[in-house]
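Visitor: So that we are looking at the same thing, I have put the structure below in structure tokens.
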Amino acid sequence: ILMVDEKGKNMKCLTFFLMLPETVKNRSKKSSKKGNSSSSSSSKLPPVCYEIITLKTKKKKKMAADIFPRKKPANTNTAAVQQYHQQNLNNNNTIPAPNWQGLYPTIRERNAVMFNNDLMADVHFVVGPPGGTQRLPGHKYVLAVGSSVFHAMFYGELAEDKDEIRIPDVEPAAFLAMLKYIYCDEIDLAADTVLATLYAAKKYIVPHLARACVNFLETSLSAKNACVLLSQSCLFEEPDLTQRCWEVIDAQAELALKSEGFCDIDFQTLESILRRETLNAKEIVVFEAALNWAEVECQRQELTATIENKRKVLGKALYLIRIPTMALDDFANGAAQSGILTLNETNDIFLWYTASKKPELQFVSKPRKGLVPQRCHRFQSCAYRSNQWRYRGRCDSIQFAVDKRVFIAGFGLYGSSCGSAEYSAKIELKRQGVILGQNLSKYFSDGSSNTFPVWFEYPVQIEPDTFYTASVILDGNELSYFGQEGMTEVQCGKVTVQFQCSSDSTNGTGVQGGQIPELIFYA
């Protein structure tokens with residue numbers, strides 16, 4: 001058969017032995033008798049039929065998955081497939097049944113069966129520290145395809161022909177997660193093993209898995225784990241993750257410093273945090289956090305947690321704490337009585353507070369700059385009327401969403417339109433009905449149309465592209481100003497804020513008008 005494409009170009013010339021009908025065979029015999037006969041061998045050959053066939057050129061090759069679309073296997077095979085997956089997870093290492101390859105239509109699925117499977121394994125890894133090891137099978141070819149480190153280990157110039165390789169610095173669960181990615185092209189991460197998996201991915205140069213680990217860490221980042229992740233991000237040289245950690249630590253400094261994870265950081269990370277100019281925390285909180293770290297560090301170094309040993313492990317980092325910038329009450333009732341300072345240091349700091357001629361101090365005496373809060377104002381004007389805005393224990397509420405992670409520090413509220421007045425405000429921030437932050441406080445308004453800030457105890461972390469509910473219940477005798485000409489979208493610096501009405505609002509506040517004119521946040 002001579003095959004040509006649509007443009008008439010020859011593509012292939014193939015010869016087929018055709019099973020011809022009897023009538024065609026008879027005609028062929030007759031014609032062969034009449035014609036000049038050639039050699040005896042050629043007369044025995046079957047007749048050849050030539051035909052020109054026009055073929056359409058296919059732009060895309062079909063893969064196995066396209067030819068055999070994935071279907072639910074028959075009942076007889078379902079149990080077998082599940083059994084193999086369970087064997088791999090449990091490391092039972094049993095040999096699959098004959099023709100197990102037929103259960104999987106693609107090479108990817110067949111390759112996945114070899115994950116953590118002793119079948120055809122030509123190398124084994126003893127993974128984990130002494131006393132917590134696990135022996136895992138591997139296949140050199142598959143590992144070398146997935147990692148340049150494994151390629152050098154098995155096929156490089158300095159390759160060693162070992163049947164068993166010990167890896168004491170990687171956790172078994174993390175190594176299995178890496179193998180699962182290499183064999184199955186699947187990423188399976190968990191909060192308690194993601195850091196160890198990132199270490200394994202970095203060690204064996206599996207960049208896509210490492211990137212997935214970093215993304216996982218960024219999405220799960222909070223004040224509770226920010227300090228630990230900061231330490232690890234510096235170790236793994238991940239600048240983007242480091243920047244995200246600093247954003248959380250700066251905005252939610254007091255929560256981060258009080259977290260258990262703060263005591264697990266290394267000395268270098270401790271110094272970088274104590275030096276931080278934008279740390280948004282009271283200095284007494286920084287001081288107490290450093291003492292807590294010193295106590296845990298004494299345990300790590302197998303030292304008795306005495307005052308002398310705490311000061312010893314802190315070293316020069318003690319002088320990075322800006323003790324002279326504390327409120328006098330905080331110093332007198334806290335740092336001065338902690339015992340960590342020498343008598344001369346305590347006397348000099350007291351003189352720093354009280355004397356006109358201040359002594360020289362080894363401690364940094366310049367206050368931290370902290371963070372400057374941003375304000376998102378959602379109304380274009382405000383007004384007051386004789387019958388609005390009145391408060392009788394009802395809720396003013398609005399929903400909002402942002403396009404970047406921010407930290408809500410509080411709300412700006414309107415005050416009295418009838419002269420000076422005091423209000424009691426209960427503010428609340430919720431996400432899908434779950435309270436993330438709330439506070440009860442009072443504020444004094446001077447009769448102007450200005451907004452007055454009311455703060456949460458700690459800034460609340462807000463994730464992008466999710467609606468949150470901001471609410472306030474005000475208690476006051478005087479009528480107040482209220483907003484008008486509300487906007488559904490406001491650009492505030494690099495952050496875009498969207499607003500929509502809340503079903504929790506029972507006092508009239510909505511997108512077009514009402515209370516809660518401002519969101520106060522750090523970004």
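Residue numbering restarts at 1 in every chain; chains get A, B, ... in the order shown in the structure tokens, and ligands count up from 1 in that same order.
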Counting only C-alpha atoms, what is within 12 Å of Thr306 (chain A), bar same-chain residues fewer than 3 positions away, as a ChimeraX atom specification?
Guide: /A:291,294-299,302-303,309-313,338-340
Visitor: Give me the residues near Pro367 (chain A) as a list in words, where near means some atom within 10 Å (using only C-alpha atoms) and where sequence neighbours in that chain fewer than 5 positions away do not count.
Guide: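 Using only C-alpha atoms, the neighbours found are Glu277, Lys282, Glu283, Arg322, Ile323, Pro324, Thr325 and Met326 of chain A.
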Visitor: Write the residues of the preceding selection, restricted to N, CA and C atoms, as a CSV table (one decimal), in the first residue's frame.
Guide:
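Output file out.csv follows:
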```
chain,number,residue,atom,x,y,z
A,277,GLU,N,13.8,45.8,64.0
A,277,GLU,CA,13.4,47.2,64.2
A,277,GLU,C,11.8,47.3,64.1
A,282,LYS,N,5.4,45.1,72.9
A,282,LYS,CA,6.0,45.8,74.0
A,282,LYS,C,7.3,45.1,74.4
A,283,GLU,N,8.2,45.9,74.9
A,283,GLU,CA,9.6,45.4,75.2
A,283,GLU,C,9.6,44.4,76.3
A,322,ARG,N,15.7,46.0,74.4
A,322,ARG,CA,15.7,47.4,74.6
A,322,ARG,C,15.0,47.7,75.9
A,323,ILE,N,15.7,47.3,77.0
A,323,ILE,CA,15.1,47.5,78.3
A,323,ILE,C,14.9,48.9,78.7
A,324,PRO,N,15.8,49.9,78.3
A,324,PRO,CA,15.5,51.3,78.7
A,324,PRO,C,14.2,51.9,78.0
A,325,THR,N,13.7,51.2,77.0
A,325,THR,CA,12.5,51.7,76.3
A,325,THR,C,11.2,51.1,77.0
A,326,MET,N,11.3,50.3,78.0
A,326,MET,CA,10.1,49.7,78.6
A,326,MET,C,9.4,50.9,79.4
```
Visitor: Could you go through region 147-294 of chain A and tell me which residues DSSP, when run on the backbone, assigns to strand (DSSP E), listing them as a PyMOL selection string?
Guide: chain A and resi 164-167
Visitor: If you count only C-alpha atoms, which residues fall within 8 Å of Gln500 (chain A), apart from same-chain ones fewer than 6 positions away, as a ChimeraX atom specification?
Guide: /A:398-400,488,510-511
Visitor: Residues near Asn507 (chain A), anyone? I mean within 10 Å using only C-alpha atoms, not counting same-chain ones fewer than 2 positions away, as a JSON list (two decimals) with C-alpha atoms, in the first residue's frame.
Guide:
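So around-v1.json came out as:
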```
[["chain", "number", "residue", "atom", "x", "y", "z"],
["A", 389, "TRP", "CA", -27.54, 56.68, 64.21],
["A", 390, "ARG", "CA", -28.95, 55.26, 67.48],
["A", 391, "TYR", "CA", -27.59, 52.34, 69.54],
["A", 392, "ARG", "CA", -29.71, 50.01, 71.62],
["A", 393, "GLY", "CA", -27.55, 46.92, 71.87],
["A", 394, "ARG", "CA", -28.03, 46.01, 68.21],
["A", 395, "CYS", "CA", -25.25, 44.84, 65.90],
["A", 396, "ASP", "CA", -23.62, 46.81, 63.10],
["A", 397, "SER", "CA", -21.85, 44.46, 60.73],
["A", 473, "ILE", "CA", -22.15, 46.41, 69.26],
["A", 504, "ASP", "CA", -25.52, 39.74, 61.13],
["A", 505, "SER", "CA", -26.23, 43.46, 60.79],
["A", 509, "THR", "CA", -25.19, 49.07, 58.60],
["A", 510, "GLY", "CA", -24.54, 47.91, 55.03],
["A", 514, "GLY", "CA", -23.78, 52.95, 58.50],
["A", 515, "GLN", "CA", -21.02, 52.28, 61.02]]
```
Visitor: To test your reading of the structure, identify every residue in region 87-171 of chain A that backbone DSSP assigns to helix (DSSP H, G or I), and report it as a tab-separated table (two decimals) with all heavy atoms, in the first residue's frame.
Guide:
```tsv
chain	number	residue	atom	x	y	z
A	87	GLN	N	-0.47	-2.48	50.42
A	87	GLN	CA	0.82	-3.13	50.62
A	87	GLN	C	1.95	-2.11	50.56
A	87	GLN	O	2.87	-2.12	51.38
A	87	GLN	CB	1.04	-4.20	49.55
A	87	GLN	CG	0.17	-5.44	49.73
A	87	GLN	CD	0.22	-6.34	48.50
A	87	GLN	OE1	0.89	-6.01	47.53
A	87	GLN	NE2	-0.51	-7.44	48.54
A	88	ASN	N	1.87	-1.20	49.61
A	88	ASN	CA	2.91	-0.19	49.46
A	88	ASN	C	2.97	0.72	50.67
A	88	ASN	O	4.03	1.08	51.15
A	88	ASN	CB	2.67	0.64	48.21
A	88	ASN	CG	2.81	-0.18	46.94
A	88	ASN	OD1	3.30	-1.30	47.00
A	88	ASN	ND2	2.38	0.36	45.82
A	89	LEU	N	1.80	1.12	51.17
A	89	LEU	CA	1.77	2.03	52.31
A	89	LEU	C	2.27	1.34	53.57
A	89	LEU	O	2.97	1.95	54.40
A	89	LEU	CB	0.34	2.54	52.53
A	89	LEU	CG	-0.20	3.47	51.44
A	89	LEU	CD1	-1.66	3.78	51.69
A	89	LEU	CD2	0.60	4.76	51.39
A	90	ASN	N	1.91	0.09	53.73
A	90	ASN	CA	2.31	-0.64	54.94
A	90	ASN	C	3.68	-1.30	54.83
A	90	ASN	O	4.16	-1.90	55.78
A	90	ASN	CB	1.27	-1.74	55.25
A	90	ASN	CG	-0.08	-1.15	55.62
A	90	ASN	OD1	-0.17	0.02	55.97
A	90	ASN	ND2	-1.12	-1.95	55.52
A	100	TRP	N	-0.18	-8.55	37.03
A	100	TRP	CA	-0.64	-7.35	37.71
A	100	TRP	C	-0.54	-6.12	36.80
A	100	TRP	O	-1.27	-5.14	36.99
A	100	TRP	CB	0.18	-7.10	38.98
A	100	TRP	CG	1.66	-6.93	38.74
A	100	TRP	CD1	2.61	-7.90	38.76
A	100	TRP	CD2	2.34	-5.71	38.44
A	100	TRP	NE1	3.85	-7.38	38.49
A	100	TRP	CE2	3.71	-6.03	38.29
A	100	TRP	CE3	1.93	-4.39	38.28
A	100	TRP	CZ2	4.68	-5.07	37.98
A	100	TRP	CZ3	2.88	-3.43	37.98
A	100	TRP	CH2	4.25	-3.77	37.82
A	101	GLN	N	0.34	-6.20	35.79
A	101	GLN	CA	0.50	-5.07	34.88
A	101	GLN	C	-0.79	-4.76	34.13
A	101	GLN	O	-1.03	-3.61	33.74
A	101	GLN	CB	1.62	-5.36	33.87
A	101	GLN	CG	3.01	-5.48	34.48
A	101	GLN	CD	3.34	-6.90	34.93
A	101	GLN	OE1	2.43	-7.72	35.10
A	101	GLN	NE2	4.62	-7.19	35.13
A	102	GLY	N	-1.62	-5.78	33.95
A	102	GLY	CA	-2.86	-5.57	33.22
A	102	GLY	C	-3.88	-4.74	33.95
A	102	GLY	O	-4.87	-4.30	33.37
A	103	LEU	N	-3.67	-4.53	35.24
A	103	LEU	CA	-4.62	-3.74	36.01
A	103	LEU	C	-4.47	-2.24	35.75
A	103	LEU	O	-5.37	-1.46	36.07
A	103	LEU	CB	-4.42	-3.99	37.51
A	103	LEU	CG	-4.69	-5.41	38.02
A	103	LEU	CD1	-4.26	-5.54	39.47
A	103	LEU	CD2	-6.16	-5.75	37.86
A	107	ILE	N	1.83	3.85	32.01
A	107	ILE	CA	3.14	3.57	32.60
A	107	ILE	C	3.27	4.24	33.97
A	107	ILE	O	3.94	3.73	34.87
A	107	ILE	CB	4.27	4.03	31.65
A	107	ILE	CG1	5.64	3.62	32.21
A	107	ILE	CG2	4.21	5.53	31.43
A	107	ILE	CD1	5.85	2.15	32.35
A	108	ARG	N	2.62	5.38	34.13
A	108	ARG	CA	2.67	6.07	35.42
A	108	ARG	C	2.06	5.23	36.52
A	108	ARG	O	2.61	5.11	37.62
A	108	ARG	CB	1.93	7.41	35.32
A	108	ARG	CG	1.80	8.18	36.61
A	108	ARG	CD	1.05	9.49	36.38
A	108	ARG	NE	0.81	10.18	37.64
A	108	ARG	CZ	-0.24	9.98	38.42
A	108	ARG	NH1	-1.15	9.07	38.06
A	108	ARG	NH2	-0.40	10.64	39.55
A	109	GLU	N	0.92	4.60	36.23
A	109	GLU	CA	0.25	3.78	37.23
A	109	GLU	C	1.03	2.49	37.49
A	109	GLU	O	1.11	2.03	38.64
A	109	GLU	CB	-1.17	3.47	36.78
A	109	GLU	CG	-2.08	4.69	36.73
A	109	GLU	CD	-3.42	4.39	36.10
A	109	GLU	OE1	-3.46	4.14	34.87
A	109	GLU	OE2	-4.43	4.39	36.81
A	110	ARG	N	1.59	1.92	36.44
A	110	ARG	CA	2.37	0.70	36.65
A	110	ARG	C	3.64	0.99	37.43
A	110	ARG	O	4.09	0.20	38.25
A	110	ARG	CB	2.69	0.06	35.28
A	110	ARG	CG	1.47	-0.49	34.56
A	110	ARG	CD	1.87	-1.34	33.37
A	110	ARG	NE	2.48	-0.56	32.30
A	110	ARG	CZ	1.80	0.06	31.35
A	110	ARG	NH1	0.47	0.02	31.34
A	110	ARG	NH2	2.44	0.73	30.41
A	111	ASN	N	4.22	2.15	37.16
A	111	ASN	CA	5.43	2.54	37.88
A	111	ASN	C	5.11	2.77	39.36
A	111	ASN	O	5.93	2.48	40.24
A	111	ASN	CB	6.00	3.81	37.26
A	111	ASN	CG	7.43	4.05	37.66
A	111	ASN	OD1	8.30	3.23	37.40
A	111	ASN	ND2	7.68	5.17	38.32
A	112	ALA	N	3.91	3.29	39.64
A	112	ALA	CA	3.52	3.57	41.02
A	112	ALA	C	3.42	2.30	41.86
A	112	ALA	O	3.59	2.34	43.08
A	112	ALA	CB	2.19	4.33	41.05
A	113	VAL	N	3.14	1.17	41.21
A	113	VAL	CA	3.05	-0.09	41.95
A	113	VAL	C	4.39	-0.44	42.59
A	113	VAL	O	4.46	-1.08	43.64
A	113	VAL	CB	2.59	-1.22	41.01
A	113	VAL	CG1	2.59	-2.57	41.73
A	113	VAL	CG2	1.18	-0.92	40.48
A	140	LYS	N	16.92	1.55	41.32
A	140	LYS	CA	17.92	2.55	40.96
A	140	LYS	C	17.52	3.38	39.75
A	140	LYS	O	17.70	4.60	39.73
A	140	LYS	CB	19.27	1.87	40.70
A	140	LYS	CG	19.90	1.27	41.95
A	140	LYS	CD	21.25	0.63	41.63
A	140	LYS	CE	21.89	0.04	42.88
A	140	LYS	NZ	23.21	-0.58	42.59
A	141	TYR	N	16.98	2.72	38.73
A	141	TYR	CA	16.62	3.45	37.52
A	141	TYR	C	15.57	4.52	37.82
A	141	TYR	O	15.70	5.68	37.40
A	141	TYR	CB	16.11	2.49	36.45
A	141	TYR	CG	15.43	3.19	35.30
A	141	TYR	CD1	16.17	3.89	34.36
A	141	TYR	CD2	14.04	3.17	35.18
A	141	TYR	CE1	15.54	4.56	33.33
A	141	TYR	CE2	13.41	3.84	34.14
A	141	TYR	CZ	14.16	4.53	33.22
A	141	TYR	OH	13.55	5.19	32.19
A	142	VAL	N	14.52	4.15	38.55
A	142	VAL	CA	13.44	5.09	38.85
A	142	VAL	C	13.98	6.25	39.70
A	142	VAL	O	13.67	7.42	39.45
A	142	VAL	CB	12.30	4.37	39.60
A	142	VAL	CG1	11.19	5.35	39.96
A	142	VAL	CG2	11.75	3.24	38.75
A	143	LEU	N	14.80	5.94	40.68
A	143	LEU	CA	15.35	6.98	41.55
A	143	LEU	C	16.28	7.91	40.78
A	143	LEU	O	16.27	9.13	41.00
A	143	LEU	CB	16.09	6.33	42.72
A	143	LEU	CG	15.23	5.50	43.67
A	143	LEU	CD1	16.11	4.72	44.64
A	143	LEU	CD2	14.27	6.39	44.44
A	144	ALA	N	17.08	7.35	39.88
A	144	ALA	CA	18.00	8.18	39.11
A	144	ALA	C	17.27	9.11	38.16
A	144	ALA	O	17.72	10.23	37.89
A	144	ALA	CB	18.97	7.29	38.33
A	145	VAL	N	16.14	8.69	37.65
A	145	VAL	CA	15.33	9.54	36.77
A	145	VAL	C	14.73	10.70	37.56
A	145	VAL	O	14.56	11.80	37.04
A	145	VAL	CB	14.22	8.71	36.09
A	145	VAL	CG1	13.21	9.60	35.40
A	145	VAL	CG2	14.84	7.75	35.09
A	146	GLY	N	14.43	10.47	38.83
A	146	GLY	CA	13.77	11.49	39.64
A	146	GLY	C	14.70	12.41	40.40
A	146	GLY	O	14.26	13.45	40.90
A	148	SER	N	18.94	13.97	40.58
A	148	SER	CA	20.32	13.98	40.10
A	148	SER	C	21.28	13.42	41.14
A	148	SER	O	22.33	12.87	40.80
A	148	SER	CB	20.72	15.41	39.73
A	148	SER	OG	20.62	16.28	40.84
A	149	VAL	N	20.93	13.54	42.41
A	149	VAL	CA	21.76	12.98	43.47
A	149	VAL	C	21.76	11.46	43.39
A	149	VAL	O	22.81	10.81	43.48
A	149	VAL	CB	21.30	13.47	44.85
A	149	VAL	CG1	22.08	12.78	45.97
A	149	VAL	CG2	21.44	14.98	44.97
A	150	PHE	N	20.58	10.88	43.23
A	150	PHE	CA	20.50	9.42	43.08
A	150	PHE	C	21.21	8.97	41.80
A	150	PHE	O	21.82	7.90	41.76
A	150	PHE	CB	19.05	8.96	43.07
A	150	PHE	CG	18.41	8.93	44.43
A	150	PHE	CD1	17.20	9.57	44.66
A	150	PHE	CD2	19.02	8.28	45.49
A	150	PHE	CE1	16.60	9.55	45.92
A	150	PHE	CE2	18.43	8.25	46.74
A	150	PHE	CZ	17.22	8.89	46.96
A	151	HIS	N	21.13	9.77	40.75
A	151	HIS	CA	21.80	9.41	39.51
A	151	HIS	C	23.31	9.34	39.72
A	151	HIS	O	23.98	8.39	39.28
A	151	HIS	CB	21.47	10.42	38.42
A	151	HIS	CG	22.12	10.12	37.10
A	151	HIS	ND1	23.38	10.57	36.76
A	151	HIS	CD2	21.67	9.39	36.03
A	151	HIS	CE1	23.69	10.14	35.56
A	151	HIS	NE2	22.67	9.43	35.09
A	152	ALA	N	23.86	10.33	40.41
A	152	ALA	CA	25.29	10.32	40.70
A	152	ALA	C	25.65	9.18	41.64
A	152	ALA	O	26.71	8.56	41.51
A	152	ALA	CB	25.71	11.66	41.30
A	153	MET	N	24.75	8.87	42.55
A	153	MET	CA	25.01	7.82	43.53
A	153	MET	C	25.06	6.44	42.88
A	153	MET	O	25.89	5.60	43.26
A	153	MET	CB	23.89	7.86	44.60
A	153	MET	CG	24.09	6.89	45.75
A	153	MET	SD	22.67	6.91	46.89
A	153	MET	CE	22.68	8.61	47.45
A	154	PHE	N	24.22	6.22	41.87
A	154	PHE	CA	24.12	4.89	41.27
A	154	PHE	C	24.84	4.76	39.93
A	154	PHE	O	25.31	3.68	39.58
A	154	PHE	CB	22.65	4.50	41.08
A	154	PHE	CG	21.86	4.49	42.35
A	154	PHE	CD1	20.60	5.08	42.42
A	154	PHE	CD2	22.38	3.90	43.51
A	154	PHE	CE1	19.87	5.06	43.60
A	154	PHE	CE2	21.64	3.89	44.68
A	154	PHE	CZ	20.39	4.47	44.73
A	155	TYR	N	24.93	5.85	39.15
A	155	TYR	CA	25.48	5.76	37.80
A	155	TYR	C	26.61	6.75	37.53
A	155	TYR	O	27.12	6.80	36.41
A	155	TYR	CB	24.36	5.98	36.77
A	155	TYR	CG	23.22	5.01	36.90
A	155	TYR	CD1	22.01	5.39	37.44
A	155	TYR	CD2	23.36	3.68	36.48
A	155	TYR	CE1	20.95	4.50	37.57
A	155	TYR	CE2	22.32	2.78	36.61
A	155	TYR	CZ	21.12	3.19	37.15
A	155	TYR	OH	20.09	2.31	37.28
```
Visitor: What's the 12 Å shell around Ala121 (chain A), counting only C-alpha atoms, without same-chain residues fewer than 3 positions away, as number ranges by chain?
Guide: A: 93, 95, 113-118, 124-125, 136-143, 163-164
Visitor: Find the residues near Ala289 (chain A): any atom within 8 Å, counting only C-alpha atoms, skip ones fewer than 3 places away on the same chain, and give them as a list in words.
Guide: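 Near neighbours after the sequence-gap exclusion: Leu257, Lys258, Phe262, Val285, Val286, Asn292 and Trp293 of chain A.
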Visitor: For a test of reading the model, state the distance in Å between CA of Asp266 (chain A) and CA of Gln362 (chain A), rounded to one decimal.
Guide: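 That distance, rounded to one decimal, is 23.3 Å.
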Visitor: Could you check the closest approach to Pro459 (chain A) for each of A:Ala355, A:Leu320, A:Ile349, A:Val248 and tell me which residue wins, using only C-alpha atoms?
Guide: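 Counting only C-alpha atoms, the residue closest to Pro459 (chain A) is A:Val248.
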Visitor: Identify, on the basis of only C-alpha atoms, every residue whose closest approach to Leu436 (chain A) does not exceed 12 Å; exclude the query and any residue fewer than 5 positions from it along the same chain; express the result as number ranges by chain.
Guide: A: 407-409, 427-431, 456-462, 468-471
Visitor: Can those selected residues be exported to a file as an mmCIF file, in the first residue's frame so that it contains N, CA and C atoms?
Guide:
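Printed below is again08.cif as written:
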```cif
data_model
loop_
_atom_site.group_PDB
_atom_site.id
_atom_site.type_symbol
_atom_site.label_atom_id
_atom_site.label_comp_id
_atom_site.auth_asym_id
_atom_site.auth_seq_id
_atom_site.Cartn_x
_atom_site.Cartn_y
_atom_site.Cartn_z
ATOM 1 N N PHE A 407 -3.266 41.864 58.377
ATOM 2 C CA PHE A 407 -3.509 41.609 59.797
ATOM 3 C C PHE A 407 -4.377 42.735 60.334
ATOM 4 N N ILE A 408 -5.627 42.414 60.641
ATOM 5 C CA ILE A 408 -6.574 43.416 61.123
ATOM 6 C C ILE A 408 -6.258 43.734 62.583
ATOM 7 N N ALA A 409 -5.929 45.001 62.833
ATOM 8 C CA ALA A 409 -5.587 45.436 64.192
ATOM 9 C C ALA A 409 -6.773 46.013 64.926
ATOM 10 N N ILE A 427 -16.142 44.733 69.776
ATOM 11 C CA ILE A 427 -15.816 44.458 68.382
ATOM 12 C C ILE A 427 -15.522 42.967 68.217
ATOM 13 N N GLU A 428 -15.795 42.483 67.003
ATOM 14 C CA GLU A 428 -15.670 41.041 66.756
ATOM 15 C C GLU A 428 -15.303 40.815 65.298
ATOM 16 N N LEU A 429 -14.491 39.790 65.057
ATOM 17 C CA LEU A 429 -14.097 39.410 63.704
ATOM 18 C C LEU A 429 -14.320 37.917 63.544
ATOM 19 N N LYS A 430 -15.082 37.529 62.511
ATOM 20 C CA LYS A 430 -15.436 36.123 62.318
ATOM 21 C C LYS A 430 -15.159 35.687 60.887
ATOM 22 N N ARG A 431 -14.950 34.385 60.760
ATOM 23 C CA ARG A 431 -14.844 33.763 59.447
ATOM 24 C C ARG A 431 -15.709 32.513 59.447
ATOM 25 N N PHE A 456 -8.163 45.380 68.625
ATOM 26 C CA PHE A 456 -8.165 44.022 69.158
ATOM 27 C C PHE A 456 -6.962 43.847 70.071
ATOM 28 N N GLU A 457 -7.014 42.838 70.934
ATOM 29 C CA GLU A 457 -5.883 42.582 71.820
ATOM 30 C C GLU A 457 -4.643 42.228 71.012
ATOM 31 N N TYR A 458 -4.835 41.395 69.981
ATOM 32 C CA TYR A 458 -3.748 41.050 69.060
ATOM 33 C C TYR A 458 -4.276 41.189 67.640
ATOM 34 N N PRO A 459 -3.433 41.609 66.686
ATOM 35 C CA PRO A 459 -3.868 41.654 65.281
ATOM 36 C C PRO A 459 -4.298 40.268 64.803
ATOM 37 N N VAL A 460 -5.308 40.242 63.953
ATOM 38 C CA VAL A 460 -5.890 38.987 63.457
ATOM 39 C C VAL A 460 -5.443 38.776 62.009
ATOM 40 N N GLN A 461 -4.904 37.605 61.736
ATOM 41 C CA GLN A 461 -4.418 37.291 60.386
ATOM 42 C C GLN A 461 -5.590 37.030 59.455
ATOM 43 N N ILE A 462 -5.572 37.713 58.292
ATOM 44 C CA ILE A 462 -6.638 37.602 57.304
ATOM 45 C C ILE A 462 -6.054 37.053 56.011
ATOM 46 N N TYR A 468 -14.704 37.808 55.392
ATOM 47 C CA TYR A 468 -14.730 37.847 56.855
ATOM 48 C C TYR A 468 -15.823 38.817 57.291
ATOM 49 N N THR A 469 -16.308 38.637 58.508
ATOM 50 C CA THR A 469 -17.385 39.482 59.040
ATOM 51 C C THR A 469 -16.847 40.344 60.171
ATOM 52 N N ALA A 470 -16.946 41.661 59.984
ATOM 53 C CA ALA A 470 -16.556 42.623 61.012
ATOM 54 C C ALA A 470 -17.823 43.152 61.681
ATOM 55 N N SER A 471 -17.883 43.066 63.008
ATOM 56 C CA SER A 471 -19.081 43.457 63.746
ATOM 57 C C SER A 471 -18.724 44.302 64.948
#
```
Visitor: Point out the residue among A:Asp188, A:Glu463, A:Asp446, A:Glu247 with the least atom-to-atom distance to Ala421 (chain A), counting only C-alpha atoms.
Guide: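 Using only C-alpha atoms, the shortest distance to Ala421 (chain A) belongs to A:Asp446.
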Visitor: Compare A:Leu241, A:Leu198, A:Val123, A:Ile516 by their minimum atom-to-atom distance to Cys376 (chain A), counting only C-alpha atoms, and give me the closest one.
Guide: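 Of the candidates, the smallest distance to Cys376 (chain A) is held by A:Ile516.
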Visitor: What's the separation between CA of Pro453 (chain A) and CA of Phe411 (chain A), in Å to one decimal place?
Guide: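 So the two atoms, CA of Pro453 (chain A) and CA of Phe411 (chain A), lie 5.8 Å apart.
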